[in-house]
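Listing of upload-v9.cif, mmCIF, C-alpha atoms
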```cif
data_my_file
#
loop_
_atom_site.label_atom_id
_atom_site.label_comp_id
_atom_site.auth_asym_id
_atom_site.auth_seq_id
_atom_site.Cartn_x
_atom_site.Cartn_y
_atom_site.Cartn_z
CA MET A 1 -21.31 8.86 25.15
CA GLU A 2 -19.91 12.20 26.34
CA ILE A 3 -16.35 13.29 25.63
CA ILE A 4 -14.87 14.92 28.74
CA GLN A 5 -11.61 16.51 29.79
CA GLY A 6 -9.11 14.27 31.54
CA GLY A 7 -7.28 10.98 31.38
CA VAL A 8 -6.36 8.21 33.81
CA THR A 9 -7.76 9.97 36.90
CA ALA A 10 -11.15 10.76 35.34
CA ALA A 11 -12.77 7.54 36.60
CA GLN A 12 -13.77 7.22 40.26
CA GLY A 13 -11.16 5.87 42.64
CA PHE A 14 -8.09 6.29 40.45
CA PHE A 15 -5.08 8.33 41.54
CA ALA A 16 -1.84 9.38 39.87
CA ALA A 17 1.52 10.86 40.77
CA HIS A 18 4.78 11.78 39.09
CA THR A 19 8.37 12.57 40.03
CA ALA A 20 11.81 13.38 38.68
CA ALA A 21 13.88 10.34 39.61
CA GLY A 22 16.89 11.09 37.39
CA ILE A 23 16.76 7.67 35.73
CA LYS A 24 18.23 8.93 32.45
CA TYR A 25 16.88 12.41 31.86
CA LYS A 26 18.10 15.36 33.87
CA ASN A 27 15.89 18.16 35.14
CA ARG A 28 12.60 16.60 34.01
CA VAL A 29 9.96 14.24 35.36
CA ASP A 30 10.54 10.63 34.36
CA MET A 31 8.37 8.44 36.58
CA ALA A 32 4.62 8.06 37.06
CA MET A 33 2.34 5.96 39.21
CA LEU A 34 -1.31 4.94 38.88
CA TYR A 35 -3.29 3.56 41.81
CA SER A 36 -6.85 2.44 42.46
CA GLY A 37 -8.27 2.54 45.96
CA GLU A 38 -10.05 -0.72 45.16
CA PRO A 39 -8.67 -3.87 43.51
CA CYS A 40 -9.20 -3.91 39.74
CA ARG A 41 -10.00 -6.44 37.10
CA ALA A 42 -6.99 -6.22 34.78
CA ALA A 43 -6.58 -6.83 31.07
CA GLY A 44 -3.53 -6.37 28.88
CA THR A 45 -2.15 -6.86 25.42
CA PHE A 46 1.57 -7.03 24.77
CA THR A 47 4.16 -6.92 22.02
CA THR A 48 4.48 -9.90 19.69
CA ASN A 49 8.20 -9.21 19.34
CA VAL A 50 10.05 -12.39 20.38
CA VAL A 51 12.43 -10.14 22.33
CA LYS A 52 10.22 -8.99 25.21
CA ALA A 53 11.24 -6.50 27.87
CA ALA A 54 11.22 -7.57 31.52
CA PRO A 55 8.14 -5.43 32.37
CA VAL A 56 6.19 -7.15 29.58
CA LEU A 57 7.01 -10.56 31.07
CA TRP A 58 6.12 -9.39 34.60
CA ASP A 59 2.81 -7.77 33.59
CA ARG A 60 1.75 -10.57 31.26
CA HIS A 61 2.16 -13.09 34.08
CA ILE A 62 0.00 -10.99 36.42
CA VAL A 63 -2.71 -10.30 33.85
CA GLU A 64 -2.92 -13.90 32.64
CA GLU A 65 -2.49 -15.69 35.96
CA THR A 66 -4.41 -13.52 38.43
CA GLY A 67 -6.31 -10.99 36.32
CA THR A 68 -6.20 -8.40 39.11
CA ALA A 69 -4.05 -5.36 39.80
CA GLN A 70 -4.19 -2.20 41.84
CA ALA A 71 -1.18 -0.09 40.87
CA VAL A 72 1.15 0.64 37.96
CA VAL A 73 4.66 2.11 38.20
CA ILE A 74 6.10 3.57 34.98
CA ASN A 75 9.54 4.92 34.15
CA ALA A 76 10.79 6.75 31.07
CA GLY A 77 14.35 6.78 29.73
CA ILE A 78 15.43 3.15 30.12
CA ALA A 79 13.34 0.31 28.67
CA ASN A 80 14.55 -2.54 30.93
CA ALA A 81 14.73 -4.70 27.80
CA CYS A 82 17.50 -7.21 27.04
CA THR A 83 18.51 -7.07 30.71
CA GLY A 84 18.28 -10.76 31.67
CA GLU A 85 17.38 -12.06 35.12
CA GLU A 86 18.52 -8.81 36.70
CA GLY A 87 15.88 -6.91 34.74
CA LEU A 88 13.14 -9.25 35.97
CA ARG A 89 14.41 -8.93 39.54
CA TYR A 90 14.18 -5.15 39.23
CA CYS A 91 10.52 -5.46 38.23
CA ARG A 92 9.82 -7.29 41.48
CA GLU A 93 11.90 -4.83 43.50
CA THR A 94 9.97 -1.94 41.95
CA ALA A 95 6.67 -3.59 42.86
CA GLU A 96 7.85 -4.33 46.38
CA ALA A 97 8.94 -0.71 46.83
CA VAL A 98 5.29 0.36 46.76
CA SER A 99 3.30 -2.73 47.72
CA GLY A 100 4.13 -2.55 51.43
CA HIS A 101 3.22 1.12 51.65
CA LEU A 102 -0.06 0.59 49.78
CA GLY A 103 -0.93 -2.58 51.67
CA ILE A 104 -1.27 -4.69 48.53
CA PRO A 105 0.67 -7.74 47.28
CA ALA A 106 3.62 -7.08 44.97
CA GLU A 107 1.81 -9.29 42.43
CA GLN A 108 -0.87 -6.60 42.15
CA VAL A 109 1.64 -3.96 41.06
CA LEU A 110 2.22 -3.71 37.31
CA VAL A 111 5.36 -2.05 35.96
CA ALA A 112 6.18 -0.45 32.62
CA SER A 113 9.33 1.01 31.14
CA THR A 114 10.21 2.93 27.99
CA GLY A 115 13.48 4.21 26.59
CA VAL A 116 16.87 2.82 25.65
CA ILE A 117 17.17 -0.94 25.19
CA GLY A 118 20.02 -2.85 26.82
CA MET A 119 20.69 -0.60 29.82
CA GLN A 120 20.06 -1.74 33.38
CA LEU A 121 17.72 0.35 35.48
CA PRO A 122 19.31 2.32 38.34
CA ILE A 123 17.13 0.45 40.81
CA ASP A 124 18.04 2.69 43.73
CA ARG A 125 16.62 5.68 41.86
CA ILE A 126 13.57 3.65 40.81
CA ARG A 127 12.84 2.68 44.41
CA ALA A 128 13.38 6.23 45.64
CA GLY A 129 11.17 7.62 42.90
CA ALA A 130 8.38 5.14 43.63
CA GLU A 131 8.45 5.92 47.33
CA ALA A 132 8.48 9.66 46.60
CA MET A 133 5.25 9.38 44.63
CA LEU A 134 3.25 7.55 47.30
CA PRO A 135 2.47 10.59 49.52
CA VAL A 136 1.39 12.75 46.57
CA LEU A 137 -1.04 10.38 44.82
CA SER A 138 -4.02 12.45 43.72
CA GLY A 139 -7.26 11.96 41.86
CA SER A 140 -7.15 15.43 40.33
CA ARG A 141 -7.21 16.02 36.61
CA SER A 142 -3.85 17.81 36.83
CA ALA A 143 -2.28 14.75 38.47
CA GLY A 144 -3.41 12.62 35.54
CA THR A 145 -2.02 15.08 33.01
CA ALA A 146 1.29 15.32 34.88
CA ALA A 147 1.55 11.51 34.84
CA ALA A 148 0.94 11.54 31.07
CA GLN A 149 3.79 14.02 30.69
CA ALA A 150 6.15 12.03 32.91
CA ILE A 151 6.10 8.91 30.72
CA LEU A 152 7.16 10.66 27.49
CA THR A 153 10.48 10.09 25.73
CA THR A 154 10.79 11.63 22.25
CA ASP A 155 7.08 12.54 22.27
CA THR A 156 6.35 16.24 21.89
CA GLN A 157 3.13 16.30 23.94
CA GLU A 158 1.11 14.33 26.47
CA LYS A 159 -1.69 12.12 25.15
CA GLU A 160 -4.87 11.60 27.16
CA VAL A 161 -8.60 11.05 26.51
CA ALA A 162 -11.68 10.47 28.66
CA VAL A 163 -15.38 9.75 28.09
CA ARG A 164 -18.56 9.09 30.08
CA PHE A 165 -21.37 6.71 29.21
CA GLU A 166 -24.31 4.96 30.86
CA ALA A 167 -24.36 1.33 32.01
CA GLY A 168 -27.07 -0.20 34.16
CA GLY A 169 -28.47 3.25 34.91
CA ARG A 170 -25.15 4.47 36.31
CA THR A 171 -22.66 6.95 34.90
CA VAL A 172 -19.42 5.22 33.97
CA THR A 173 -16.12 6.90 33.10
CA LEU A 174 -13.31 5.56 30.93
CA GLY A 175 -10.03 7.43 30.60
CA GLY A 176 -6.61 6.76 29.22
CA MET A 177 -3.12 8.02 28.56
CA CYS A 178 -0.38 6.76 26.29
CA LYS A 179 3.07 7.50 24.99
CA GLY A 180 4.75 6.67 21.74
CA SER A 181 6.59 8.49 18.99
CA GLY A 182 9.20 6.14 17.54
CA MET A 183 9.65 2.37 17.28
CA ILE A 184 5.92 2.26 16.57
CA HIS A 185 4.47 -0.71 14.71
CA PRO A 186 2.38 -2.53 17.34
CA ASN A 187 1.34 -6.11 16.79
CA MET A 188 -0.47 -7.29 19.89
CA CYS A 189 6.86 2.04 20.52
CA THR A 190 7.98 2.32 22.20
CA MET A 191 4.23 2.32 22.79
CA LEU A 192 2.61 2.21 26.22
CA ALA A 193 -1.08 2.83 26.92
CA PHE A 194 -2.92 2.82 30.25
CA LEU A 195 -6.71 2.76 30.49
CA THR A 196 -8.79 3.12 33.65
CA THR A 197 -12.52 2.75 34.20
CA ASP A 198 -14.92 2.52 37.15
CA LEU A 199 -17.09 0.02 35.27
CA ALA A 200 -18.05 -3.25 36.93
CA ILE A 201 -17.37 -5.99 34.39
CA SER A 202 -16.19 -9.59 34.47
CA GLY A 203 -12.52 -10.23 33.84
CA ASP A 204 -13.22 -12.43 30.84
CA LEU A 205 -15.32 -9.79 29.07
CA LEU A 206 -12.85 -7.03 29.96
CA ARG A 207 -10.04 -9.01 28.36
CA GLU A 208 -12.12 -9.93 25.32
CA ALA A 209 -13.17 -6.32 24.76
CA LEU A 210 -9.55 -5.11 24.84
CA ARG A 211 -8.19 -7.91 22.64
CA THR A 212 -10.88 -7.30 20.06
CA ASP A 213 -10.59 -3.53 20.05
CA ILE A 214 -6.85 -3.18 19.54
CA GLN A 215 -7.12 -4.93 16.18
CA ASP A 216 -8.69 -1.79 14.68
CA THR A 217 -6.99 0.83 16.88
CA PHE A 218 -3.45 0.42 18.22
CA ASN A 219 -2.63 -2.36 15.77
CA MET A 220 -3.56 -0.06 12.88
CA ILE A 221 -0.86 2.54 13.48
CA SER A 222 2.76 2.71 12.39
CA VAL A 223 5.46 5.35 12.53
CA ASP A 224 8.54 3.46 11.35
CA GLY A 225 7.65 -0.23 11.01
CA ASP A 226 9.56 -1.26 14.14
CA THR A 227 7.63 -3.37 16.66
CA SER A 228 8.96 -2.48 20.10
CA THR A 229 10.15 -4.88 22.80
CA ASN A 230 7.97 -3.01 25.30
CA ASP A 231 4.57 -2.46 23.65
CA SER A 232 1.86 -2.81 26.29
CA VAL A 233 -1.76 -1.76 26.69
CA LEU A 234 -3.11 -2.15 30.24
CA LEU A 235 -6.79 -1.74 31.18
CA LEU A 236 -7.94 -1.57 34.82
CA ALA A 237 -11.59 -1.65 35.96
CA ASN A 238 -12.40 -1.08 39.66
CA GLY A 239 -16.23 -1.29 39.56
CA LEU A 240 -16.83 1.89 41.59
CA ALA A 241 -19.47 3.20 39.16
CA GLY A 242 -21.87 0.83 40.93
CA ASN A 243 -23.46 -0.66 37.84
CA THR A 244 -24.62 -4.26 37.89
CA GLU A 245 -21.56 -6.25 36.87
CA ILE A 246 -21.50 -6.94 33.15
CA THR A 247 -21.26 -10.71 32.68
CA GLU A 248 -22.75 -11.08 29.21
CA LYS A 249 -22.59 -9.27 25.88
CA ASN A 250 -25.64 -7.08 26.45
CA ASP A 251 -26.36 -3.43 25.63
CA ASP A 252 -24.13 -2.24 28.50
CA TYR A 253 -21.24 -4.31 27.15
CA ARG A 254 -21.73 -2.91 23.66
CA GLN A 255 -21.82 0.63 25.05
CA PHE A 256 -18.55 -0.02 26.85
CA CYS A 257 -17.04 -1.37 23.63
CA ARG A 258 -18.08 1.79 21.78
CA ALA A 259 -16.46 3.94 24.45
CA LEU A 260 -13.32 1.80 24.39
CA ARG A 261 -13.16 2.09 20.60
CA TYR A 262 -13.34 5.89 20.79
CA VAL A 263 -10.67 6.21 23.50
CA ASN A 264 -8.26 3.78 21.87
CA THR A 265 -8.75 5.28 18.41
CA GLU A 266 -8.04 8.79 19.65
CA LEU A 267 -4.97 7.69 21.60
CA ALA A 268 -3.70 5.69 18.62
CA LYS A 269 -4.10 8.69 16.31
CA MET A 270 -2.25 10.88 18.81
CA ILE A 271 0.69 8.48 18.72
CA ALA A 272 0.73 8.34 14.92
CA GLY A 273 0.44 12.10 14.53
CA ASP A 274 3.25 12.66 17.04
CA GLY A 275 5.65 10.30 15.26
CA GLU A 276 9.29 11.31 15.55
CA GLY A 277 9.93 14.25 13.26
CA ALA A 278 6.38 14.14 11.87
CA THR A 279 4.65 17.17 10.39
CA ALA A 280 1.36 15.45 9.49
CA LEU A 281 -0.97 12.66 10.56
CA PHE A 282 -1.33 10.36 7.53
CA GLU A 283 -4.56 8.35 7.35
CA ALA A 284 -5.28 5.58 4.84
CA ARG A 285 -8.92 4.61 4.47
CA VAL A 286 -9.68 1.51 2.41
CA ILE A 287 -13.32 0.97 1.44
CA HIS A 288 -15.23 -1.71 -0.48
CA ALA A 289 -12.51 -4.31 0.06
CA HIS A 290 -13.16 -8.02 -0.38
CA SER A 291 -12.79 -8.76 3.35
CA LYS A 292 -12.02 -7.03 6.64
CA GLU A 293 -8.62 -8.67 6.72
CA ASP A 294 -7.83 -7.43 3.20
CA ALA A 295 -8.91 -3.91 4.17
CA ARG A 296 -6.60 -3.96 7.20
CA ILE A 297 -3.68 -5.29 5.18
CA LEU A 298 -4.14 -2.76 2.38
CA SER A 299 -4.54 0.31 4.59
CA LYS A 300 -1.61 -0.66 6.80
CA SER A 301 0.59 -1.22 3.73
CA VAL A 302 -0.06 2.34 2.54
CA ILE A 303 0.81 4.08 5.79
CA CYS A 304 3.87 1.87 6.32
CA SER A 305 5.46 2.67 2.95
CA SER A 306 8.50 4.92 3.28
CA LEU A 307 7.76 6.31 -0.17
CA THR A 308 4.15 7.26 0.61
CA LYS A 309 5.32 8.78 3.89
CA ALA A 310 7.92 10.84 2.03
CA MET A 311 5.23 11.81 -0.50
CA ILE A 312 3.09 13.27 2.29
CA PHE A 313 6.08 15.17 3.69
CA GLY A 314 6.74 16.67 0.26
CA HIS A 315 3.02 17.42 -0.38
CA ASP A 316 3.39 15.59 -3.68
CA ALA A 317 0.36 13.74 -5.14
CA ASN A 318 2.51 10.88 -6.41
CA PHE A 319 -0.35 8.37 -6.44
CA GLY A 320 1.82 5.65 -8.01
CA ARG A 321 3.43 5.15 -4.61
CA VAL A 322 0.02 4.46 -3.06
CA LEU A 323 -0.84 1.95 -5.79
CA CYS A 324 2.54 0.30 -5.38
CA ALA A 325 2.00 -0.10 -1.63
CA LEU A 326 -1.45 -1.58 -2.24
CA GLY A 327 -0.02 -3.93 -4.84
CA TYR A 328 2.66 -5.52 -2.67
CA SER A 329 0.46 -5.73 0.44
CA GLY A 330 -0.43 -9.36 -0.22
CA ALA A 331 -4.15 -8.70 -0.69
CA ASP A 332 -5.62 -9.62 -4.07
CA PHE A 333 -7.55 -7.00 -6.07
CA ASP A 334 -8.12 -5.68 -9.59
CA PRO A 335 -5.99 -2.52 -10.13
CA ASP A 336 -8.32 -1.33 -12.90
CA ARG A 337 -11.20 -1.09 -10.42
CA VAL A 338 -9.32 0.96 -7.82
CA GLU A 339 -10.20 4.62 -7.29
CA LEU A 340 -7.87 6.90 -5.31
CA SER A 341 -8.50 10.31 -3.81
CA PHE A 342 -6.85 12.62 -1.28
CA GLU A 343 -8.67 14.76 1.25
CA SER A 344 -7.98 17.11 4.14
CA GLU A 345 -9.57 20.20 5.64
CA ALA A 346 -8.47 21.99 2.44
CA GLY A 347 -10.79 19.82 0.33
CA SER A 348 -10.93 16.56 -1.62
CA ILE A 349 -9.56 15.56 -5.00
CA ALA A 350 -9.94 12.40 -7.11
CA ILE A 351 -6.60 11.23 -8.49
CA PHE A 352 -6.91 7.82 -10.14
CA ALA A 353 -9.68 5.63 -11.61
CA GLU A 354 -10.23 2.97 -14.29
CA GLY A 355 -6.55 2.14 -14.44
CA LYS A 356 -5.23 5.62 -15.20
CA ALA A 357 -4.61 9.07 -13.77
CA LEU A 358 -7.48 11.53 -13.80
CA ASP A 359 -7.23 15.10 -15.04
CA TYR A 360 -6.61 16.87 -11.75
CA SER A 361 -4.92 20.07 -10.61
CA GLU A 362 -1.45 19.48 -9.18
CA GLU A 363 -1.69 22.83 -7.41
CA GLN A 364 -4.96 21.86 -5.71
CA ALA A 365 -3.56 18.46 -4.78
CA THR A 366 -0.49 20.04 -3.18
CA HIS A 367 -2.74 22.43 -1.27
CA ILE A 368 -4.78 19.50 0.10
CA LEU A 369 -1.65 17.53 1.03
CA SER A 370 -0.17 20.49 2.93
CA GLU A 371 -2.60 20.18 5.86
CA PRO A 372 -1.60 18.68 9.25
CA VAL A 373 -4.05 15.78 8.74
CA VAL A 374 -4.12 14.10 5.32
CA THR A 375 -6.23 11.14 4.20
CA VAL A 376 -5.84 8.89 1.18
CA ILE A 377 -9.00 6.98 0.27
CA ALA A 378 -8.70 3.76 -1.74
CA ASP A 379 -11.99 2.42 -3.08
CA MET A 380 -11.24 -1.17 -4.10
CA HIS A 381 -14.70 -1.96 -5.59
CA MET A 382 -14.31 -5.57 -4.42
CA GLY A 383 -16.83 -5.93 -1.57
CA ASP A 384 -18.28 -4.27 1.54
CA ALA A 385 -15.36 -4.32 4.00
CA SER A 386 -13.42 -1.28 5.18
CA ALA A 387 -10.55 -0.37 7.50
CA THR A 388 -8.49 2.68 8.46
CA ALA A 389 -4.81 2.89 9.37
CA TRP A 390 -2.87 5.83 10.76
CA GLY A 391 0.74 6.84 10.30
CA CYS A 392 2.74 9.98 9.71
CA ASP A 393 4.99 11.54 7.14
CA LEU A 394 8.72 10.82 7.00
CA SER A 395 10.84 13.90 7.55
CA TYR A 396 14.54 14.68 7.82
CA ASP A 397 14.15 14.96 11.59
CA TYR A 398 13.27 11.28 12.02
CA VAL A 399 16.84 10.32 11.09
CA LYS A 400 18.31 13.10 13.23
CA ILE A 401 16.33 12.00 16.30
CA ASN A 402 17.25 8.32 15.96
CA ALA A 403 20.86 8.76 14.89
CA ASP A 404 21.86 9.80 18.42
CA TYR A 405 18.98 8.45 20.53
CA ARG A 406 21.20 6.82 23.17
CA SER A 407 22.98 10.07 23.89
#
```
Take the structure in the file and write it out as structure tokens.
Amino acid sequence: MEIIQGGVTAAQGFFAAHTAAGIKYKNRVDMAMLYSGEPCRAAGTFTTNVVKAAPVLWDRHIVEETGTAQAVVINAGIANACTGEEGLRYCRETAEAVSGHLGIPAEQVLVASTGVIGMQLPIDRIRAGAEAMLPVLSGSRSAGTAAAQAILTTDTQEKEVAVRFEAGGRTVTLGGMCKGSGMIHPNMCTMLAFLTTDLAISGDLLREALRTDIQDTFNMISVDGDTSTNDSVLLLANGLAGNTEITEKNDDYRQFCRALRYVNTELAKMIAGDGEGATALFEARVIHAHSKEDARILSKSVICSSLTKAMIFGHDANFGRVLCALGYSGADFDPDRVELSFESEAGSIAIFAEGKALDYSEEQATHILSEPVVTVIADMHMGDASATAWGCDLSYDYVKINADYRS
């Protein structure tokens, strides 16, 4: 697998565009479009929040009923959530605004929205923005990056990744972009991710690969513990790489899964590290747990704790907060067998073992915790399972950002 520059336009046959439609934000781009010249097998995973935004309902129907798509229209600023029948009608109107021009059915146009909940979309601006993007669709790398920038809300930077790998003797490309900074606690923030590949693969295997992969990638991140109404991950495969279609779990399928794991992991970490007000990416690595499920539960509990997040922000090696988060996670373990350590680019330091604090340097610990990427390692000494979760520190700015988000 080769890591390359780019995102959603890296794979053959995919195009992107962006525009400033004035949906909520002034003087900035706020809409993006993705398009494949060929019909795509489509897979998706969506929020488990009972309150689901209209775009989630629209996309889920398409992915589950037809399994094919050819375009995606995305807006930032208004989430189109809690908007009733009108919100669903606007999804169709958005799709129809581009389907005729592209010569594809409206049911092959996916839509996605992010932003304030409870506001109705200005559908006239949405339609105008969609139509404005059609003539400027481009397969260039810059078009993909501009699309990644257009879908941001409180994010501070665009998030995109791309890789190449071999399948059936052909070079295959997989790229992706995402957005998310607050209301991040996926369970399949507002979190949206879009993945494109020129791989030829059956719809069933495409969907299985995505469903399986998000368990250890997007579902292992949290910024604030809030599962959004709009969380969606969409994966489109147009088959233009020319490989023999993957219809069984062979070496080509496993290579695709490895590439998907890398792309989704990197995108997930970008979201966690760009959490609202964050100054550090906070990683919790649990090793030697009794089971995979226990490892996931334990690591997620650590990065979700407000106290551990505040500890990282203050560069304070208050390991009791980590133990506390492990203890209330719901997973069973022996506290006297747990070993804790912190590490970053500044080094590694053991903190706790055999039921008590070790003799460590507070100054060194603070130095290690002051880096932009900090990892806590919890060795449970219970088995062979492991898992990693990603979050961020909790700063003063998180409250400032969310106190006046609607304005």
As a check of understanding, name the residues that the PyMOL selection byres ((chain A and resi 1) around 10) selects in the supplied structure, as a compact mmCIF listing (two decimals) with C-alpha atoms, in the coordinates of the input.
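Result went into result-v9.txt, see below:
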```txt
# COMPACT_ATOMS: atom_id res chain seq x y z
CA GLU A 2 -19.91 12.20 26.34
CA ILE A 3 -16.35 13.29 25.63
CA ILE A 4 -14.87 14.92 28.74
CA VAL A 163 -15.38 9.75 28.09
CA ARG A 164 -18.56 9.09 30.08
CA PHE A 165 -21.37 6.71 29.21
CA GLU A 166 -24.31 4.96 30.86
CA VAL A 172 -19.42 5.22 33.97
CA THR A 173 -16.12 6.90 33.10
CA GLN A 255 -21.82 0.63 25.05
CA PHE A 256 -18.55 -0.02 26.85
CA ARG A 258 -18.08 1.79 21.78
CA ALA A 259 -16.46 3.94 24.45
CA TYR A 262 -13.34 5.89 20.79
```
*A:Leu199, A:Ala10, A:Ala71, A:Ile368: which is nearest Gln108 (chain A), counting only C-alpha atoms?*
A:Ala71
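Each of A:Ile221, A:Cys257, A:Ala143, A:Ala43 was compared to Gly180 (chain A) using only C-alpha atoms, and A:Ile221 turns out to be the nearest.
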*Apply the PyMOL selection byres ((chain A and resi 122) around 10) to the file shown and report the selected residues as a ChimeraX atom specification.*
/A:21-24,78,90,119-121,123-127
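Residue nearest Gly144 (chain A) within the list A:Ile351, A:Ala162, A:Ala167, A:Val338: A:Ala162 [criterion: smallest interatomic distance, only C-alpha atoms].
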Around (-7.9, -2.6, -9.8), as given in the file, which residues come within 12 Å? Count all atoms listed in the file and list them as a PDB file with C-alpha atoms, in the frame of the given file.
```pdb
ATOM      1  CA  HIS A 288     -15.230  -1.710  -0.480  1.00  0.00           C
ATOM      2  CA  ALA A 289     -12.510  -4.310   0.060  1.00  0.00           C
ATOM      3  CA  LEU A 323      -0.840   1.950  -5.790  1.00  0.00           C
ATOM      4  CA  CYS A 324       2.540   0.300  -5.380  1.00  0.00           C
ATOM      5  CA  LEU A 326      -1.450  -1.580  -2.240  1.00  0.00           C
ATOM      6  CA  GLY A 327      -0.020  -3.930  -4.840  1.00  0.00           C
ATOM      7  CA  ALA A 331      -4.150  -8.700  -0.690  1.00  0.00           C
ATOM      8  CA  ASP A 332      -5.620  -9.620  -4.070  1.00  0.00           C
ATOM      9  CA  PHE A 333      -7.550  -7.000  -6.070  1.00  0.00           C
ATOM     10  CA  ASP A 334      -8.120  -5.680  -9.590  1.00  0.00           C
ATOM     11  CA  PRO A 335      -5.990  -2.520 -10.130  1.00  0.00           C
ATOM     12  CA  ASP A 336      -8.320  -1.330 -12.900  1.00  0.00           C
ATOM     13  CA  ARG A 337     -11.200  -1.090 -10.420  1.00  0.00           C
ATOM     14  CA  VAL A 338      -9.320   0.960  -7.820  1.00  0.00           C
ATOM     15  CA  GLU A 339     -10.200   4.620  -7.290  1.00  0.00           C
ATOM     16  CA  LEU A 340      -7.870   6.900  -5.310  1.00  0.00           C
ATOM     17  CA  PHE A 352      -6.910   7.820 -10.140  1.00  0.00           C
ATOM     18  CA  ALA A 353      -9.680   5.630 -11.610  1.00  0.00           C
ATOM     19  CA  GLU A 354     -10.230   2.970 -14.290  1.00  0.00           C
ATOM     20  CA  GLY A 355      -6.550   2.140 -14.440  1.00  0.00           C
ATOM     21  CA  LYS A 356      -5.230   5.620 -15.200  1.00  0.00           C
ATOM     22  CA  ALA A 378      -8.700   3.760  -1.740  1.00  0.00           C
ATOM     23  CA  ASP A 379     -11.990   2.420  -3.080  1.00  0.00           C
ATOM     24  CA  MET A 380     -11.240  -1.170  -4.100  1.00  0.00           C
ATOM     25  CA  HIS A 381     -14.700  -1.960  -5.590  1.00  0.00           C
ATOM     26  CA  MET A 382     -14.310  -5.570  -4.420  1.00  0.00           C
TER      27      MET A 382
END
```
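Coordinates place CA of Gly203 (chain A) at a distance of 15.1 Å from CA of Asn243 (chain A).
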_Residues in the PyMOL selection byres ((chain A and resi 59) around 9), expressed as a ChimeraX atom specification_ = /A:44,46,54-58,60-64,109-112,232,234
